[in-house]
$ cat target38.cif   # mmCIF, C-alpha atoms
data_query
#
loop_
_atom_site.label_atom_id
_atom_site.label_comp_id
_atom_site.auth_asym_id
_atom_site.auth_seq_id
_atom_site.Cartn_x
_atom_site.Cartn_y
_atom_site.Cartn_z
CA MET A 1 0.00 0.00 0.00
CA LYS A 2 2.85 2.41 0.77
CA LYS A 3 4.11 2.10 -2.80
CA LEU A 4 0.62 2.78 -4.17
CA ILE A 5 0.08 6.09 -2.30
CA PRO A 6 2.77 8.12 -4.14
CA PHE A 7 1.53 6.72 -7.47
CA LEU A 8 -2.03 7.77 -6.67
CA LEU A 9 -0.88 11.24 -5.60
CA ILE A 10 0.97 11.69 -8.88
CA LEU A 11 -1.86 10.32 -10.98
CA PHE A 12 -4.89 11.73 -9.26
CA GLY A 13 -3.45 14.81 -7.61
CA CYS A 14 -2.83 16.49 -10.92
CA VAL A 15 -5.37 18.80 -12.52
CA LYS A 16 -3.74 20.53 -15.44
CA ILE A 17 -3.81 20.71 -19.21
CA PRO A 18 -0.73 19.45 -21.04
CA GLU A 19 1.08 22.08 -23.06
CA GLY A 20 -0.34 22.39 -26.58
CA ILE A 21 -3.68 20.75 -25.71
CA LYS A 22 -6.93 22.71 -25.86
CA PRO A 23 -10.22 21.44 -24.42
CA VAL A 24 -13.24 21.65 -26.71
CA GLU A 25 -15.33 24.80 -26.38
CA ASN A 26 -19.12 25.17 -26.54
CA PHE A 27 -19.39 21.89 -24.66
CA GLU A 28 -22.90 20.74 -23.68
CA VAL A 29 -22.66 18.50 -20.63
CA GLU A 30 -26.24 17.22 -20.89
CA ARG A 31 -25.53 15.83 -24.37
CA TYR A 32 -22.39 14.08 -23.09
CA MET A 33 -24.29 12.17 -20.41
CA GLY A 34 -25.02 8.46 -20.87
CA ARG A 35 -22.93 5.47 -21.86
CA TRP A 36 -19.66 5.64 -23.77
CA TYR A 37 -17.66 2.62 -24.94
CA GLU A 38 -13.89 2.62 -24.79
CA ILE A 39 -12.56 2.00 -28.29
CA ALA A 40 -8.86 2.53 -27.55
CA ARG A 41 -6.58 3.67 -24.73
CA LEU A 42 -2.98 4.06 -23.79
CA ASP A 43 -1.98 1.40 -21.28
CA HIS A 44 -2.14 2.11 -17.56
CA SER A 45 -2.38 -0.11 -14.52
CA PHE A 46 -5.95 0.67 -13.46
CA GLU A 47 -7.46 -0.71 -16.70
CA ARG A 48 -4.81 -3.24 -17.65
CA GLY A 49 -6.30 -6.42 -19.11
CA LEU A 50 -9.89 -5.15 -19.12
CA VAL A 51 -12.25 -5.68 -22.07
CA ASN A 52 -15.80 -4.48 -22.68
CA VAL A 53 -14.89 -1.21 -20.97
CA SER A 54 -17.53 1.49 -20.71
CA ALA A 55 -18.13 4.71 -18.85
CA GLU A 56 -21.55 5.90 -17.72
CA TYR A 57 -21.98 9.61 -16.97
CA SER A 58 -24.94 11.23 -15.22
CA ILE A 59 -25.69 14.51 -13.47
CA GLY A 60 -25.73 14.28 -9.68
CA GLU A 61 -28.03 16.08 -7.28
CA LYS A 62 -25.50 18.87 -6.70
CA GLY A 63 -24.68 19.36 -10.37
CA GLU A 64 -21.57 17.18 -10.37
CA VAL A 65 -21.00 14.54 -13.04
CA LYS A 66 -21.29 11.05 -11.62
CA VAL A 67 -18.96 8.53 -13.26
CA LEU A 68 -19.23 4.74 -13.37
CA ASN A 69 -16.40 2.98 -15.20
CA ARG A 70 -16.79 -0.76 -15.87
CA GLY A 71 -14.66 -3.38 -17.51
CA PHE A 72 -14.43 -7.15 -17.57
CA SER A 73 -11.28 -8.96 -16.46
CA LYS A 74 -10.97 -12.20 -18.41
CA LYS A 75 -8.09 -13.24 -16.16
CA GLU A 76 -10.23 -12.94 -13.00
CA ASN A 77 -13.49 -13.75 -14.81
CA LYS A 78 -15.30 -10.82 -13.20
CA TRP A 79 -16.50 -7.27 -13.75
CA LYS A 80 -14.57 -4.41 -12.16
CA GLU A 81 -16.12 -1.04 -11.41
CA ALA A 82 -14.89 2.34 -10.30
CA LYS A 83 -17.28 5.07 -9.16
CA GLY A 84 -16.24 8.69 -9.20
CA ARG A 85 -17.33 12.28 -9.45
CA ALA A 86 -16.24 14.99 -11.84
CA TYR A 87 -16.48 18.76 -11.65
CA PHE A 88 -15.82 21.47 -14.19
CA VAL A 89 -12.52 23.20 -13.62
CA ASP A 90 -13.09 26.86 -12.75
CA GLY A 91 -16.85 26.24 -13.08
CA LYS A 92 -16.70 26.68 -16.88
CA LYS A 93 -19.39 24.25 -18.06
CA GLU A 94 -19.02 25.22 -21.72
CA ARG A 95 -15.42 23.96 -21.76
CA GLY A 96 -14.52 20.25 -21.94
CA PHE A 97 -12.15 20.38 -18.96
CA LEU A 98 -13.15 18.53 -15.81
CA LYS A 99 -11.42 17.16 -12.76
CA VAL A 100 -12.39 13.63 -11.78
CA SER A 101 -11.88 11.74 -8.54
CA PHE A 102 -12.18 8.05 -7.73
CA PHE A 103 -10.16 8.30 -4.50
CA GLY A 104 -11.40 10.93 -2.07
CA PRO A 105 -9.61 14.26 -2.37
CA PHE A 106 -7.31 13.25 -5.26
CA TYR A 107 -8.27 14.61 -8.68
CA GLY A 108 -7.03 14.06 -12.20
CA SER A 109 -7.71 15.93 -15.40
CA TYR A 110 -10.40 14.80 -17.83
CA ILE A 111 -9.88 16.84 -20.99
CA ILE A 112 -12.07 16.41 -24.05
CA VAL A 113 -9.81 17.40 -26.95
CA GLU A 114 -12.01 16.25 -29.85
CA LEU A 115 -15.75 15.73 -29.97
CA ASP A 116 -18.43 14.99 -32.53
CA LYS A 117 -20.16 18.31 -31.86
CA GLU A 118 -23.10 17.51 -34.13
CA ASN A 119 -24.21 14.19 -32.60
CA TYR A 120 -21.92 13.59 -29.58
CA LYS A 121 -21.13 10.09 -30.94
CA TYR A 122 -17.35 10.04 -30.36
CA SER A 123 -14.73 11.83 -28.31
CA LEU A 124 -10.99 11.93 -27.72
CA VAL A 125 -10.06 12.40 -24.06
CA CYS A 126 -6.73 12.87 -22.32
CA GLY A 127 -5.48 13.23 -18.77
CA PRO A 128 -2.98 15.63 -17.16
CA ASN A 129 -0.14 14.49 -19.44
CA ARG A 130 0.42 12.56 -22.65
CA LYS A 131 0.47 9.18 -20.89
CA TYR A 132 -3.34 9.09 -20.67
CA LEU A 133 -5.53 8.95 -23.76
CA TRP A 134 -8.89 7.40 -24.61
CA ILE A 135 -11.00 7.13 -27.74
CA LEU A 136 -14.67 6.84 -26.75
CA SER A 137 -17.80 6.10 -28.75
CA ARG A 138 -21.54 5.78 -28.17
CA GLU A 139 -21.38 2.53 -30.15
CA LYS A 140 -19.16 -0.49 -29.52
CA GLN A 141 -17.47 0.09 -32.88
CA LEU A 142 -16.37 3.22 -34.72
CA PRO A 143 -16.12 3.61 -38.50
CA GLU A 144 -12.53 3.22 -39.66
CA GLU A 145 -12.36 6.78 -41.02
CA VAL A 146 -13.39 8.21 -37.62
CA LYS A 147 -10.77 6.08 -35.83
CA GLU A 148 -8.13 7.29 -38.28
CA LYS A 149 -9.19 10.91 -37.78
CA LEU A 150 -8.97 10.61 -33.98
CA VAL A 151 -5.62 8.80 -34.09
CA GLU A 152 -4.22 11.49 -36.40
CA LYS A 153 -5.46 14.23 -34.07
CA ALA A 154 -3.85 12.48 -31.07
CA LYS A 155 -0.60 11.97 -32.99
CA SER A 156 -0.52 15.65 -34.00
CA LEU A 157 -0.84 16.53 -30.28
CA GLY A 158 2.18 14.42 -29.39
CA PHE A 159 0.59 11.21 -28.10
CA GLU A 160 2.30 7.88 -28.79
CA THR A 161 -0.53 6.52 -30.90
CA GLU A 162 1.46 3.45 -31.93
CA LYS A 163 1.02 2.28 -28.31
CA LEU A 164 -2.79 2.47 -28.38
CA ILE A 165 -4.59 -0.64 -27.13
CA TRP A 166 -7.70 -1.37 -29.19
CA VAL A 167 -10.26 -2.53 -26.66
CA GLU A 168 -12.22 -5.70 -27.26
CA GLN A 169 -15.95 -4.91 -27.18
CA GLU A 170 -18.18 -7.98 -27.38
#

$ encode --input "target38.cif" --output "structure tokens"
Amino acid sequence: MKKLIPFLLILFGCVKIPEGIKPVENFEVERYMGRWYEIARLDHSFERGLVNVSAEYSIGEKGEVKVLNRGFSKKENKWKEAKGRAYFVDGKKERGFLKVSFFGPFYGSYIIVELDKENYKYSLVCGPNRKYLWILSREKQLPEEVKEKLVEKAKSLGFETEKLIWVEQE
């Protein structure tokens, strides 16, 4: 446990935007609510080995965004869940920049850097640095041209897109 605490402080105690990254503007939180499927991610320990990963977002009683992340571990043959809460940084609800917490007072950045503004069907999300990246979709699959567009955007922002893990969605 002692080794885990510094890692959690580094990971979740960091609410910032990486240099050169801009959150989407004119963001509509109500349209973002609901289920999103994880299409791809950069590897990190808290999702390692999970398939059928999804995130469910809803508005809480106090205006916060409630988060429920789920994924299935084939190795353990069970579902894993993480519940959290997210808040808009500086109270700017029209900007896709939130801070999210799964562990008490520790927060990490949730930055929406690309979004299907017309239909809210896909998004590209990063964390406080270029080690955290997710491609999300309302459907379990994304058209190839949309995947390519999002990967190109991520690559142009300095993410190591060749290390993306394409998530199995059954």

$ resolve_selection --input "target38.cif" --expression "the PyMOL selection byres ((chain A and resi 128-130) around 7)" --output "list of chain:residue names"
A:Cys14, A:Val15, A:Lys16, A:Ile17, A:Pro18, A:Gly108, A:Ser109, A:Cys126, A:Gly127, A:Lys131, A:Tyr132, A:Phe159

$ closest_residue --input "target38.cif" --among "A:Gly49, A:Gly20, A:Glu168, A:Glu162" --to "Lys78 (chain A)" --atoms "only C-alpha atoms"
A:Gly49

$ resolve_selection --input "target38.cif" --expression "the PyMOL selection byres ((chain A and resi 28-42) around 8)" --output "count of residues only"
35

$ residues_around --input "target38.cif" --residues "Tyr110 (chain A)" --least-positions-apart "3" --cutoff "7 Å" --atoms "all atoms listed in the file" --output "ChimeraX atom specification"
/A:97-100,125-127

$ resolve_selection --input "target38.cif" --expression "the PyMOL selection byres ((chain A and resi 81) around 8)" --output "NGL selection string"
:A and (68-71 or 79-80 or 82-83)

$ closest_residue --input "target38.cif" --among "A:Gly84, A:Gly158, A:Pro23, A:Gly60" --to "Glu114 (chain A)" --atoms "only C-alpha atoms"
A:Pro23

$ atom_distance --input "target38.cif" --atom1 "CA of Gly104 (chain A)" --atom2 "CA of Lys22 (chain A)"
26.9 Å

$ closest_residue --input "target38.cif" --among "A:Glu19, A:Glu47, A:Glu64, A:Glu144" --to "Gly91 (chain A)" --atoms "all atoms listed in the file"
A:Glu64

$ closest_residue --input "target38.cif" --among "A:Lys153, A:Lys74, A:Lys147, A:Arg85" --to "Val113 (chain A)" --atoms "all atoms listed in the file"
A:Lys153

$ atom_distance --input "target38.cif" --atom1 "CA of Val151 (chain A)" --atom2 "CA of Tyr122 (chain A)"
12.4 Å

$ atom_distance --input "target38.cif" --atom1 "CA of Leu124 (chain A)" --atom2 "CA of Leu150 (chain A)"
6.7 Å

$ closest_residue --input "target38.cif" --among "A:Phe102, A:Arg95, A:Glu118, A:Phe46" --to "Val67 (chain A)" --atoms "only C-alpha atoms"
A:Phe102

$ axis_aligned_box --input "target38.cif" --around "region 38-51 of chain A" --padding-each-side "4 Å" --output "lines of an AutoDock Vina configuration file"
center_x = -7.9
center_y = -1.2
center_z = -20.9
size_x = 19.9
size_y = 18.5
size_z = 22.8

$ closest_residue --input "target38.cif" --among "A:Ala154, A:Val51, A:Val24, A:Val146" --to "Phe72 (chain A)" --atoms "all atoms listed in the file"
A:Val51
